[in-house]
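Shown below: query08.cif, with mmCIF, C-alpha atoms.
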data_structure
loop_
_atom_site.label_atom_id
_atom_site.label_comp_id
_atom_site.auth_asym_id
_atom_site.auth_seq_id
_atom_site.Cartn_x
_atom_site.Cartn_y
_atom_site.Cartn_z
CA MET A 11 138.14 -2.02 20.57
CA ALA A 12 138.49 -0.14 17.38
CA LEU A 13 141.20 0.75 14.92
CA LEU A 14 142.08 4.25 13.86
CA LEU A 15 142.48 4.22 10.10
CA LYS A 16 144.27 7.08 8.43
CA ILE A 17 145.06 7.35 4.73
CA VAL A 18 147.77 9.91 4.09
CA THR A 19 148.73 11.20 0.63
CA PRO A 20 151.04 14.04 -0.43
CA THR A 21 147.98 16.23 -0.94
CA GLY A 22 146.62 15.70 2.55
CA VAL A 23 144.90 13.27 4.89
CA ALA A 24 142.38 11.49 2.69
CA LEU A 25 140.62 9.66 5.51
CA LYS A 26 140.71 9.55 9.28
CA LYS A 27 138.18 7.23 10.82
CA GLU A 28 137.51 4.68 13.52
CA VAL A 29 136.89 1.28 11.99
CA ARG A 30 136.45 -2.31 13.07
CA SER A 31 138.83 -3.84 10.58
CA VAL A 32 140.79 -2.96 7.46
CA VAL A 33 141.58 -5.08 4.40
CA LEU A 34 144.77 -4.03 2.62
CA PRO A 35 146.43 -5.06 -0.65
CA ALA A 36 149.83 -6.04 0.73
CA LEU A 37 152.62 -7.09 -1.60
CA GLY A 38 152.17 -10.75 -0.74
CA GLY A 39 148.38 -10.66 -1.01
CA GLU A 40 145.41 -9.21 0.83
CA ILE A 41 145.67 -8.90 4.58
CA GLU A 42 142.96 -8.04 7.06
CA ILE A 43 143.91 -6.06 10.11
CA LEU A 44 141.92 -6.47 13.31
CA PRO A 45 142.38 -4.60 16.59
CA GLY A 46 145.31 -5.85 18.63
CA HIS A 47 147.46 -6.58 15.59
CA LEU A 48 151.21 -6.69 16.16
CA PRO A 49 153.14 -3.65 14.98
CA LEU A 50 153.78 -4.07 11.28
CA ILE A 51 155.37 -2.17 8.45
CA ALA A 52 154.37 -3.52 5.07
CA ILE A 53 154.60 -2.50 1.45
CA ILE A 54 151.26 -2.19 -0.28
CA GLN A 55 150.58 -2.43 -3.96
CA PRO A 56 147.96 -0.65 -6.05
CA GLY A 57 144.61 -2.12 -5.17
CA GLU A 58 141.55 -1.89 -3.05
CA LEU A 59 141.36 -1.00 0.62
CA VAL A 60 138.22 -1.90 2.54
CA ALA A 61 137.40 -0.04 5.74
CA LYS A 62 134.83 -2.05 7.68
CA SER A 63 132.84 -0.55 10.50
CA GLU A 64 129.96 -2.09 12.48
CA ILE A 65 127.29 -1.12 10.05
CA SER A 66 128.91 -0.34 6.76
CA GLN A 67 132.04 -0.71 4.71
CA GLU A 68 133.85 1.78 2.55
CA PHE A 69 136.04 1.04 -0.43
CA PHE A 70 139.10 2.94 -1.49
CA ALA A 71 141.39 2.48 -4.45
CA ILE A 72 144.95 3.15 -3.34
CA ASP A 73 148.29 3.43 -5.07
CA CYS A 74 151.46 1.73 -3.91
CA GLY A 75 153.07 2.79 -0.65
CA PHE A 76 153.37 1.67 2.94
CA VAL A 77 151.18 0.74 5.83
CA ARG A 78 152.26 1.09 9.41
CA ILE A 79 150.30 -0.63 12.13
CA SER A 80 151.16 0.37 15.64
CA ALA A 81 149.09 0.41 18.84
CA ASP A 82 145.75 -0.02 17.05
CA THR A 83 146.38 2.64 14.48
CA VAL A 84 146.54 1.79 10.81
CA PHE A 85 148.34 4.51 8.90
CA VAL A 86 148.38 4.08 5.16
CA LEU A 87 150.98 6.07 3.26
CA THR A 88 150.26 6.19 -0.44
CA ASP A 89 150.72 8.49 -3.41
CA GLU A 90 147.05 8.59 -4.25
CA SER A 91 143.77 7.39 -2.86
CA LEU A 92 140.20 7.54 -4.05
CA ASN A 93 136.92 6.82 -2.37
CA ILE A 94 135.12 4.47 -4.70
CA ASP A 95 131.65 5.80 -3.89
CA GLU A 96 132.64 9.30 -4.83
CA ALA A 97 134.44 8.27 -7.99
CA ASP A 98 133.07 9.00 -11.39
CA MET A 99 133.25 6.05 -13.77
CA ASP A 100 133.79 8.15 -16.88
CA GLU A 101 136.61 10.01 -15.25
CA ILE A 102 138.29 6.75 -14.27
CA ASP A 103 137.86 5.50 -17.83
CA MET A 104 139.53 8.59 -19.17
CA ALA A 105 142.33 8.45 -16.63
CA THR A 106 142.96 4.79 -17.42
CA GLU A 107 143.10 5.57 -21.09
CA ARG A 108 145.53 8.42 -20.51
CA ALA A 109 147.75 6.30 -18.31
CA GLU A 110 147.75 3.44 -20.81
CA LYS A 111 148.58 5.78 -23.64
CA ALA A 112 151.46 7.27 -21.69
CA LEU A 113 152.76 3.79 -21.00
CA GLU A 114 152.49 2.81 -24.66
CA GLU A 115 154.37 5.91 -25.67
CA ALA A 116 157.02 5.25 -23.07
CA ARG A 117 157.49 1.69 -24.29
CA SER A 118 157.91 2.81 -27.89
CA ARG A 119 160.60 5.28 -26.87
CA ARG A 120 162.35 2.96 -24.51
CA GLU A 121 165.79 4.24 -25.42
CA LEU A 122 164.84 7.72 -24.23
CA LEU A 123 163.19 6.75 -21.00
CA ASP A 124 164.82 4.68 -18.36
CA PRO A 125 163.17 1.47 -17.16
CA ALA A 126 162.37 2.93 -13.75
CA GLU A 127 160.24 5.54 -15.40
CA ILE A 128 158.32 2.92 -17.34
CA GLU A 129 157.85 0.93 -14.18
CA LYS A 130 156.29 3.93 -12.57
CA LEU A 131 153.93 4.45 -15.46
CA ASP A 132 153.07 0.79 -15.23
CA ALA A 133 152.15 1.27 -11.56
CA LYS A 134 149.98 4.19 -12.60
CA VAL A 135 148.07 2.02 -15.05
CA LYS A 136 147.65 -0.65 -12.40
CA TYR A 137 146.28 1.91 -9.99
CA GLN A 138 143.81 3.12 -12.55
CA MET A 139 142.73 -0.44 -13.27
CA ALA A 140 142.30 -1.08 -9.56
CA LYS A 141 140.07 1.94 -9.32
CA LYS A 142 138.01 0.74 -12.22
CA LEU A 143 137.72 -2.82 -10.95
CA ALA A 144 136.79 -1.74 -7.46
CA LYS A 145 134.12 0.54 -8.80
CA PHE A 146 132.81 -2.14 -11.10
CA GLN A 147 132.53 -4.75 -8.39
CA HIS A 148 130.55 -2.67 -6.00
CA HIS A 149 128.11 -1.20 -8.39
CA LEU A 150 126.94 -4.21 -10.29
CA MET B 8 152.06 73.28 -24.89
CA LYS B 9 154.31 70.41 -25.90
CA GLY B 10 155.50 69.84 -22.33
CA VAL B 11 151.95 69.38 -21.07
CA LYS B 12 151.15 66.78 -23.67
CA GLU B 13 154.32 64.90 -22.94
CA ILE B 14 153.64 64.84 -19.24
CA ARG B 15 150.10 63.66 -19.83
CA ARG B 16 151.42 60.78 -21.90
CA ARG B 17 153.92 59.85 -19.22
CA ILE B 18 151.26 59.90 -16.52
CA ARG B 19 149.15 57.52 -18.55
CA ALA B 20 152.11 55.20 -19.13
CA VAL B 21 153.03 55.15 -15.46
CA GLN B 22 149.45 54.48 -14.45
CA ASN B 23 149.25 51.59 -16.88
CA THR B 24 152.43 50.13 -15.46
CA ALA B 25 150.99 50.45 -11.98
CA LYS B 26 147.92 48.53 -13.11
CA ILE B 27 150.05 45.72 -14.48
CA THR B 28 152.27 45.46 -11.42
CA LYS B 29 149.20 45.53 -9.20
CA ALA B 30 147.72 42.63 -11.14
CA MET B 31 151.00 40.74 -10.90
CA GLN B 32 151.07 41.37 -7.17
CA LEU B 33 147.60 39.90 -6.75
CA VAL B 34 148.40 36.88 -8.88
CA ALA B 35 151.62 36.22 -6.98
CA SER B 36 149.91 36.50 -3.61
CA ALA B 37 147.20 34.07 -4.70
CA LYS B 38 149.87 31.64 -5.88
CA MET B 39 151.76 32.07 -2.65
CA LYS B 40 148.70 31.09 -0.63
CA LYS B 41 148.24 28.04 -2.84
CA ALA B 42 151.87 26.97 -2.41
CA GLN B 43 151.68 27.44 1.35
CA GLN B 44 148.48 25.43 1.43
CA MET B 45 150.12 22.63 -0.52
CA ALA B 46 153.13 22.64 1.78
CA LEU B 47 150.80 22.42 4.75
CA CYS B 48 148.83 19.56 3.20
CA SER B 49 151.95 17.50 2.55
CA ARG B 50 153.02 17.65 6.20
CA PRO B 51 151.12 14.60 7.53
CA TYR B 52 152.62 12.54 4.71
CA MET B 53 156.12 13.69 5.52
CA LEU B 54 155.56 13.03 9.20
CA LEU B 55 154.32 9.50 8.65
CA LEU B 56 157.14 8.79 6.23
CA THR B 57 159.71 10.00 8.74
CA GLU B 58 158.07 7.96 11.46
CA ILE B 59 158.24 4.81 9.37
CA ALA B 60 161.85 5.54 8.45
CA GLU B 61 162.71 6.11 12.08
CA ASN B 62 160.99 2.89 12.99
CA VAL B 63 162.92 0.97 10.36
CA SER B 64 166.21 2.59 11.32
CA HIS B 65 166.01 0.88 14.73
CA PHE B 66 166.37 -2.49 13.05
CA ASP B 67 169.57 -4.37 13.03
CA SER B 68 172.00 -2.03 11.35
CA GLN B 69 173.69 -4.96 9.62
CA LYS B 70 170.67 -5.31 7.43
CA LEU B 71 170.34 -1.62 6.75
CA LYS B 72 172.67 -1.76 3.81
CA HIS B 73 171.47 0.83 1.40
CA PRO B 74 173.68 3.42 -0.29
CA PHE B 75 171.33 6.19 0.83
CA PHE B 76 171.98 5.42 4.47
CA GLU B 77 175.73 4.98 4.30
CA ARG B 78 178.21 7.66 5.06
CA ARG B 79 180.90 7.84 2.40
CA ASP B 80 183.87 10.04 1.67
CA VAL B 81 182.61 13.09 -0.08
CA GLN B 82 184.69 13.73 -3.17
CA THR B 83 182.13 15.57 -5.22
CA ARG B 84 179.35 17.46 -3.57
CA GLY B 85 176.04 17.45 -5.35
CA ILE B 86 174.22 20.72 -4.98
CA MET B 87 170.73 21.29 -6.23
CA VAL B 88 169.82 24.93 -6.63
CA ILE B 89 166.19 25.93 -6.77
CA GLY B 90 165.63 29.27 -8.41
CA THR B 91 162.73 30.76 -10.28
CA ASP B 92 161.64 30.49 -13.89
CA ARG B 93 160.79 34.13 -14.29
CA GLY B 94 162.29 37.33 -13.02
CA LEU B 95 160.59 40.27 -11.32
CA CYS B 96 160.82 38.64 -7.96
CA GLY B 97 163.14 40.99 -6.14
CA ALA B 98 166.64 39.88 -5.23
CA LEU B 99 165.67 36.26 -4.68
CA ASN B 100 167.87 34.61 -7.31
CA GLN B 101 170.73 37.01 -6.70
CA SER B 102 170.73 36.30 -2.99
CA ILE B 103 170.80 32.57 -3.68
CA LEU B 104 173.80 33.07 -5.96
CA LYS B 105 175.49 35.22 -3.36
CA TYR B 106 174.90 32.52 -0.78
CA ILE B 107 176.42 29.89 -3.05
CA ASN B 108 179.44 32.05 -3.79
CA ALA B 109 179.93 32.67 -0.10
CA THR B 110 179.61 29.07 1.06
CA ILE B 111 180.99 27.02 -1.81
CA PRO B 112 184.44 28.01 -3.06
CA LYS B 113 184.81 28.17 -6.83
CA ASN B 114 187.48 25.49 -6.93
CA ALA B 115 185.59 23.02 -4.74
CA ALA B 116 184.63 19.74 -6.31
CA ALA B 117 180.95 20.30 -6.68
CA LYS B 118 178.40 19.52 -9.32
CA PHE B 119 175.23 21.50 -9.70
CA ILE B 120 171.71 20.53 -10.56
CA THR B 121 169.46 23.48 -11.17
CA ILE B 122 165.73 23.94 -11.14
CA GLY B 123 164.32 27.04 -12.79
CA LYS B 124 165.65 29.03 -15.74
CA LYS B 125 167.08 31.85 -13.69
CA ALA B 126 169.05 29.51 -11.48
CA THR B 127 170.46 27.72 -14.53
CA HIS B 128 171.45 31.03 -16.07
CA LEU B 129 173.10 32.44 -12.98
CA ILE B 130 174.98 29.29 -12.06
CA SER B 131 176.29 28.80 -15.57
CA LEU B 132 177.42 32.44 -15.66
CA SER B 133 179.42 31.87 -12.51
CA ARG B 134 181.33 29.09 -14.33
CA ARG B 135 180.30 26.14 -12.25
CA GLU B 136 179.59 22.69 -13.51
CA ILE B 137 175.94 21.99 -14.11
CA ILE B 138 175.14 18.33 -14.71
CA ALA B 139 171.41 18.75 -15.22
CA HIS B 140 168.70 21.33 -15.16
CA PHE B 141 164.98 20.92 -14.78
CA ASN B 142 161.90 23.08 -14.83
CA VAL B 143 158.82 22.61 -12.72
CA SER B 144 155.48 24.31 -13.15
CA ASP B 145 154.16 26.96 -10.81
CA ARG B 146 151.72 24.58 -9.20
CA THR B 147 154.19 21.82 -8.71
CA GLU B 148 152.61 18.41 -8.54
CA TYR B 149 154.13 15.40 -6.96
CA HIS B 150 154.46 13.35 -10.13
CA GLU B 151 156.34 16.14 -11.93
CA LEU B 152 159.32 15.39 -9.76
CA ALA B 153 159.76 11.79 -10.93
CA PRO B 154 162.46 12.59 -13.53
CA ILE B 155 164.35 14.81 -11.10
CA VAL B 156 164.32 12.20 -8.36
CA GLU B 157 165.31 9.50 -10.81
CA PHE B 158 168.24 11.55 -12.03
CA LEU B 159 169.46 12.40 -8.53
CA LYS B 160 169.15 8.81 -7.43
CA ASN B 161 171.20 7.56 -10.36
CA ALA B 162 173.81 10.27 -9.96
CA TYR B 163 174.17 9.36 -6.32
CA LEU B 164 174.25 5.62 -6.83
CA THR B 165 176.80 5.79 -9.64
CA GLY B 166 179.02 7.99 -7.51
CA GLU B 167 178.80 11.03 -9.75
CA ILE B 168 177.90 12.93 -6.61
CA ASP B 169 178.68 11.77 -3.08
CA SER B 170 176.26 13.92 -1.17
CA LEU B 171 173.24 15.98 -1.96
CA GLU B 172 172.37 19.38 -0.63
CA ILE B 173 169.61 21.66 -1.76
CA VAL B 174 170.10 25.41 -1.82
CA PHE B 175 166.87 27.34 -1.87
CA ALA B 176 165.19 30.38 -0.40
CA GLN B 177 163.61 29.46 2.88
CA TYR B 178 160.27 31.00 3.61
CA LEU B 179 160.45 32.79 6.94
CA ASN B 180 157.58 35.21 6.61
CA PRO B 181 155.91 37.11 3.77
CA LEU B 182 158.64 39.76 3.83
CA VAL B 183 161.71 37.69 4.57
CA GLN B 184 163.05 34.83 2.49
CA GLU B 185 166.49 33.64 3.29
CA PRO B 186 168.75 31.45 1.20
CA CYS B 187 169.69 28.28 3.03
CA SER B 188 171.13 24.89 2.36
CA GLN B 189 169.59 21.62 3.38
CA HIS B 190 171.33 18.31 3.57
CA ILE B 191 169.42 15.51 1.84
CA LEU B 192 171.74 12.61 1.06
CA PRO B 193 173.01 10.45 2.63
CA MET B 194 170.24 10.15 5.19
CA LEU B 195 171.84 9.49 8.51
CA ASP B 196 169.92 10.22 11.64
CA PHE B 197 166.21 9.66 11.34
CA THR B 198 165.58 9.94 15.07
CA ALA B 199 166.94 13.46 15.19
CA GLU B 200 165.14 14.29 11.99
CA LEU B 201 161.84 13.07 13.41
CA GLU B 202 162.35 14.98 16.65
CA ARG B 203 163.07 18.16 14.74
CA PHE B 204 160.12 17.67 12.47
CA ARG B 205 157.71 17.03 15.32
CA LYS B 206 158.95 20.11 17.11
CA ASN B 207 158.75 22.14 13.95
CA ILE B 208 155.09 21.44 13.32
CA ARG B 209 154.27 21.42 17.05
CA LEU B 210 152.76 17.96 17.01
CA PRO B 211 150.69 17.41 20.16
CA GLU B 212 152.07 14.68 22.45
CA GLU B 213 148.92 12.58 22.33
CA GLU B 214 149.23 12.14 18.56
CA ILE B 215 152.49 10.30 18.89
CA VAL B 216 151.76 6.60 18.59
CA PHE B 217 153.97 4.28 20.50
CA ASP B 218 153.96 0.50 20.59
CA GLU B 219 156.60 -1.37 22.56
CA ARG B 220 155.98 -4.72 20.89
CA PRO B 221 158.52 -5.74 18.25
CA THR B 222 157.65 -4.59 14.76
CA LEU B 223 157.13 -7.02 11.92
CA VAL B 224 158.19 -6.14 8.42
CA GLU B 225 156.63 -7.41 5.24
CA PRO B 226 157.78 -8.72 2.77
CA ASP B 227 161.35 -8.13 3.98
CA ILE B 228 163.51 -5.35 5.32
CA CYS B 229 165.54 -4.91 2.12
CA SER B 230 162.60 -4.14 -0.14
CA VAL B 231 161.07 -1.90 2.50
CA ILE B 232 164.28 0.08 2.73
CA ALA B 233 164.62 0.31 -1.03
CA LEU B 234 161.12 1.73 -1.45
CA LEU B 235 161.31 3.84 1.67
CA SER B 236 164.53 5.57 0.67
CA GLN B 237 163.10 6.36 -2.74
CA MET B 238 159.90 7.82 -1.32
CA PHE B 239 161.83 9.70 1.30
CA LEU B 240 164.01 11.31 -1.32
CA SER B 241 161.05 12.34 -3.48
CA GLN B 242 159.09 13.67 -0.58
CA ASN B 243 162.00 15.68 0.73
CA ILE B 244 162.54 17.24 -2.65
CA TYR B 245 158.84 17.90 -3.05
CA ARG B 246 158.71 19.64 0.30
CA VAL B 247 161.70 21.83 -0.46
CA ILE B 248 160.35 22.77 -3.88
CA LEU B 249 157.01 23.77 -2.39
CA GLU B 250 158.77 25.93 0.12
CA ALA B 251 160.93 27.50 -2.57
CA LYS B 252 157.78 28.24 -4.56
CA ALA B 253 156.16 29.90 -1.57
CA SER B 254 159.28 32.03 -1.18
CA GLU B 255 159.31 32.93 -4.85
CA HIS B 256 155.72 34.04 -4.87
CA SER B 257 155.95 36.01 -1.67
CA SER B 258 159.12 37.67 -2.88
CA ARG B 259 157.35 38.58 -6.10
CA THR B 260 154.38 39.92 -4.16
CA THR B 261 156.66 42.21 -2.19
CA ALA B 262 158.58 43.31 -5.27
CA MET B 263 155.41 44.07 -7.19
CA LYS B 264 153.91 45.93 -4.28
CA GLY B 265 157.00 48.11 -4.21
CA ALA B 266 156.74 48.69 -7.94
CA THR B 267 153.08 49.63 -7.67
CA ASP B 268 153.77 52.06 -4.84
CA ASN B 269 156.61 53.65 -6.79
CA ALA B 270 154.50 53.99 -9.91
CA GLU B 271 151.70 55.60 -7.95
CA ALA B 272 154.09 58.06 -6.30
CA LEU B 273 155.57 58.90 -9.68
CA ALA B 274 152.13 59.43 -11.19
CA LYS B 275 151.28 61.75 -8.31
CA ASP B 276 154.43 63.83 -8.80
CA LEU B 277 153.84 63.99 -12.51
CA SER B 278 150.25 65.11 -12.16
CA LEU B 279 151.37 67.87 -9.79
CA GLU B 280 153.79 69.06 -12.42
CA TYR B 281 151.14 68.71 -15.08
CA ASN B 282 148.69 70.81 -13.09
CA LYS B 283 151.28 73.48 -12.50
CA LEU B 284 152.07 73.68 -16.20
CA ARG B 285 148.39 73.72 -17.09
CA GLN B 286 147.72 76.47 -14.56
CA SER B 287 150.53 78.62 -15.87
CA ALA B 288 149.26 78.12 -19.42
CA ILE B 289 145.79 79.25 -18.36
CA THR B 290 147.21 82.25 -16.55
CA ASN B 291 149.19 83.16 -19.63
CA GLU B 292 146.09 82.95 -21.79
CA ILE B 293 144.13 85.17 -19.43
CA ILE B 294 146.93 87.72 -19.42
CA GLU B 295 146.94 87.69 -23.19
CA ILE B 296 143.18 88.14 -23.40
CA SER B 297 143.10 90.96 -20.86
CA ALA B 298 146.02 92.61 -22.61
CA ALA B 299 144.11 92.40 -25.87
CA ILE B 300 141.01 93.92 -24.24
CA GLN B 301 143.14 96.74 -22.76
CA SER B 302 144.62 97.59 -26.10
CA VAL B 303 141.24 97.78 -27.88
#

How would this structure read if it were set down as structure tokens?
Amino acid sequence: MALLLKIVTPTGVALKKEVRSVVLPALGGEIEILPGHLPLIAIIQPGELVAKSEISQEFFAIDCGFVRISADTVFVLTDESLNIDEADMDEIDMATERAEKALEEARSRRELLDPAEIEKLDAKVKYQMAKKLAKFQHHL
Amino acid sequence: MKGVKEIRRRIRAVQNTAKITKAMQLVASAKMKKAQQMALCSRPYMLLLTEIAENVSHFDSQKLKHPFFERRDVQTRGIMVIGTDRGLCGALNQSILKYINATIPKNAAAKFITIGKKATHLISLSRREIIAHFNVSDRTEYHELAPIVEFLKNAYLTGEIDSLEIVFAQYLNPLVQEPCSQHILPMLDFTAELERFRKNIRLPEEEIVFDERPTLVEPDICSVIALLSQMFLSQNIYRVILEAKASEHSSRTTAMKGATDNAEALAKDLSLEYNKLRQSAITNEIIEISAAIQSV
């Protein structure tokens, strides 16, 4: 029994792989999906996805989106995803800085930007932080 | 000898123009490939999103209360027109305008949202009401669309527009782009949409996942629908814009190829004329010389 994990972003299929289990950052907290799980549609928040296979595990930082579990397939629909092992720490640092700066700017011009926009920038910062944290954890 | 010089100058000018149009043709065709590639890459995302939406739409319709999914009386149509930012792309923008004039009467209650400078210009010239205009870059990225989506969402929710259609040039093949209109809001029949989409991209049967057990939803159906509708709207707009970009670039490629061919033909004609003139000048000179020799 195995799960088919697929991470889909607007720029393409980021990952398609058979795994043993998947840990996802659902809105209510982390959930682990094992084969035979009931069909589920859940909102996911920016955070870390762990794809566990028999011998190894892979870590991904993902943005907010959806997960659909159906007949032993786990399809993750997200705006962005990043394989932690391939990520470059400096690049993440820079991206985080950029995102934070954009958020700061947005907050200072609140009257020009609508709250939804700021919320989105906020999500961006969270995603960047998730990337950074995930990377940090697995390399120290 | 003045004529010869003039012709020579013209030949050079025409050849230079041909060089420029050739370069533009190459750039446009490279951009077209990129846009097509991007459109292709976004397909799995769109498919999964539609599948999730279809899945959710089977839930108890009592709970599916979201303005995006409700049919309402259309008083003001919202029409988003996607044109180009720059010209020199054949009759693309004109044919879009013609399409709009043919399908939407001038006195109809319709509000326009335009993307691209040319579209804004043409629509405002035709005296129609534009409520917003946006520009997107040539390599449109997903996050660039956030302000557009936000604006459309608000306009729809506040009742400024009661439906949303997008008019753009559909990419049929590198030579043919046809203006068409696509209905976006309200979203009504996801099952049909999904069927059409699957057929469109020729999804193999075995890739369709089916599970007959009841589906759970987390955290609750309302928040799922709220997020889903938002993502669906953005993705739909993203997809249409990518397609419009592919059309724009392929139209420009064709237009520039035509221009290059014309310039080359013109240069050929001109050099024929130039050679004739030069030949007659030489002949004249020889006649003069031989006449001079004769007279000595």

Give me the residues of chain B that have any atom at most 8 Å from an atom of chain A; for each, the nearest atom pair and the distance in Å, rounded to one decimal. Use all atoms listed in the file, sort by chain and number, and format it as JSON lines.
{"residue": "B:Met45", "atom": "CA", "partner": "A:Thr21", "partner_atom": "CA", "distance": 6.8}
{"residue": "B:Cys48", "atom": "CA", "partner": "A:Gly22", "partner_atom": "CA", "distance": 4.5}
{"residue": "B:Ser49", "atom": "CA", "partner": "A:Pro20", "partner_atom": "CA", "distance": 4.7}
{"residue": "B:Arg50", "atom": "CA", "partner": "A:Gly22", "partner_atom": "CA", "distance": 7.6}
{"residue": "B:Pro51", "atom": "CA", "partner": "A:Val18", "partner_atom": "CA", "distance": 6.7}
{"residue": "B:Tyr52", "atom": "CA", "partner": "A:Val18", "partner_atom": "CA", "distance": 5.6}
{"residue": "B:Met53", "atom": "CA", "partner": "A:Pro20", "partner_atom": "CA", "distance": 7.8}
{"residue": "B:Leu55", "atom": "CA", "partner": "A:Leu87", "partner_atom": "CA", "distance": 7.2}
{"residue": "B:Leu56", "atom": "CA", "partner": "A:Leu87", "partner_atom": "CA", "distance": 7.4}
{"residue": "B:Ile59", "atom": "CA", "partner": "A:Arg78", "partner_atom": "CA", "distance": 7.0}
{"residue": "B:Tyr149", "atom": "CA", "partner": "A:Pro20", "partner_atom": "CA", "distance": 7.4}
{"residue": "B:Ala153", "atom": "CA", "partner": "A:Glu127", "partner_atom": "CA", "distance": 7.7}
{"residue": "B:Pro154", "atom": "CA", "partner": "A:Glu127", "partner_atom": "CA", "distance": 7.6}
{"residue": "B:Glu157", "atom": "CA", "partner": "A:Ala126", "partner_atom": "CA", "distance": 7.8}
{"residue": "B:Val216", "atom": "CA", "partner": "A:Ala81", "partner_atom": "CA", "distance": 6.7}
{"residue": "B:Phe217", "atom": "CA", "partner": "A:Ala81", "partner_atom": "CA", "distance": 6.4}
{"residue": "B:Asp218", "atom": "CA", "partner": "A:Ala81", "partner_atom": "CA", "distance": 5.2}
{"residue": "B:Arg220", "atom": "CA", "partner": "A:Pro49", "partner_atom": "CA", "distance": 6.6}
{"residue": "B:Pro221", "atom": "CA", "partner": "A:Pro49", "partner_atom": "CA", "distance": 6.6}
{"residue": "B:Thr222", "atom": "CA", "partner": "A:Pro49", "partner_atom": "CA", "distance": 4.6}
{"residue": "B:Leu223", "atom": "CA", "partner": "A:Leu50", "partner_atom": "CA", "distance": 4.5}
{"residue": "B:Val224", "atom": "CA", "partner": "A:Ile51", "partner_atom": "CA", "distance": 4.9}
{"residue": "B:Glu225", "atom": "CA", "partner": "A:Ala52", "partner_atom": "CA", "distance": 4.5}
{"residue": "B:Pro226", "atom": "CA", "partner": "A:Ala52", "partner_atom": "CA", "distance": 6.6}
{"residue": "B:Val231", "atom": "CA", "partner": "A:Ile53", "partner_atom": "CA", "distance": 6.6}

| task | Write out as a VMD selection string which residues come within 8 Å of Lys26 in chain A when counting all atoms listed in the file, dropping same-chain ones fewer than 2 positions away. | result | chain A and resid 14 to 17 23 to 24 28

| message | When the PyMOL selection byres ((chain A and resi 31) around 10) is applied to the structure above, which residues does it catch, written out as a ChimeraX atom specification? | response | /A:12-15,28-30,32-34,42-45,60-64,67,84

| request: May I ask for the distance between CA of Thr261 in chain B and CA of Pro181 in chain B, given in Å to one decimal place? | output: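 Straight-line distance from CA of Thr261 in chain B to CA of Pro181 in chain B works out to 7.9 Å.
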
| task | Counting all atoms listed in the file, note down every residue that has an atom within 8 Å of the point (159.7, 12.3, 9.3) (file coordinates), as a list in words. | result |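 Those residues lying close to the given coordinates are Met53, Leu54, Leu55, Leu56, Thr57, Glu58, Ile59, Ala60, Glu61, Phe197, Glu200, Leu201, Phe204 and Arg205 of chain B.
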
| task | Would you work out the distance separating CA of Ala30 in chain B from CA of Val247 in chain B, expressed in Å to one decimal? | result | 27.2 Å

For range 206-216 of chain B, what centre and edge lengths in Å (one decimal) does the axis-aligned box get once 8 Å is added on each side of all its listed atoms, as lines of an AutoDock Vina configuration file?
center_x = 153.9
center_y = 14.4
center_z = 17.9
size_x = 26.0
size_y = 31.5
size_z = 25.1

| request: Please evaluate the PyMOL selection byres ((chain B and resi 236) around 12) against the structure above and give the resulting residues as number ranges by chain. | output: A: 75; B: 56-57, 59-61, 63-64, 71-77, 156, 160, 191-195, 197, 228-235, 237-243

| task | Name every residue that the PyMOL selection byres ((chain B and resi 21) around 12) selects in this structure, writing the answer as a PyMOL selection string with chains first and numbers rising. | result | chain B and resi 14-20+22-28+266-278

| message | Neighbouring residues of Arg108 in chain A were defined as those with any atom within 12 Å, considering all atoms listed in the file; residues of the same chain fewer than 6 positions away were excluded. Please report them as a ChimeraX atom specification. | response | /A:101-102,114-115,131-132,134-135,138-139

Could you turn the residues from that selection into a file that holds C-alpha atoms, as an mmCIF file, in the coordinates of the input?
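Final file, selection.cif:
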data_model
loop_
_atom_site.group_PDB
_atom_site.id
_atom_site.type_symbol
_atom_site.label_atom_id
_atom_site.label_comp_id
_atom_site.auth_asym_id
_atom_site.auth_seq_id
_atom_site.Cartn_x
_atom_site.Cartn_y
_atom_site.Cartn_z
ATOM 1 C CA GLU A 101 136.610 10.010 -15.250
ATOM 2 C CA ILE A 102 138.290 6.750 -14.270
ATOM 3 C CA GLU A 114 152.490 2.810 -24.660
ATOM 4 C CA GLU A 115 154.370 5.910 -25.670
ATOM 5 C CA LEU A 131 153.930 4.450 -15.460
ATOM 6 C CA ASP A 132 153.070 0.790 -15.230
ATOM 7 C CA LYS A 134 149.980 4.190 -12.600
ATOM 8 C CA VAL A 135 148.070 2.020 -15.050
ATOM 9 C CA GLN A 138 143.810 3.120 -12.550
ATOM 10 C CA MET A 139 142.730 -0.440 -13.270
#

| task | Pick out the residues sitting within 12 Å of range 100-116 of chain B, and hand them over as JSON, numbers by chain; count all atoms listed in the file, and ignore anything fewer than 2 positions along from it in its own chain. | result | {"B": [81, 82, 83, 84, 85, 86, 87, 88, 89, 90, 91, 92, 93, 94, 95, 96, 97, 98, 118, 119, 121, 122, 123, 124, 125, 126, 127, 128, 129, 130, 131, 132, 133, 134, 135, 136, 137, 167, 168, 169, 170, 172, 173, 174, 175, 176, 177, 183, 184, 185, 186, 187, 188, 251, 254, 255, 258, 259]}

| message | My list of candidates is B:Leu171, B:Ile293, B:Leu210, B:Leu159. Which is closest to Arg79 in chain B when distances are computed with all atoms listed in the file? | response | B:Leu171

| request: One decimal, Å: what's the distance from CA of Gln43 in chain B over to CA of Tyr178 in chain B, could you say? | output: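 It comes out at 9.6 Å.
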
| message | Neighbouring residues of Tyr137 in chain A were defined as those with any atom within 7 Å, considering all atoms listed in the file; residues of the same chain fewer than 4 positions away were excluded. Please report them as an MDAnalysis selection string. | response | chainID A and resid 56:57 72:73 133 141
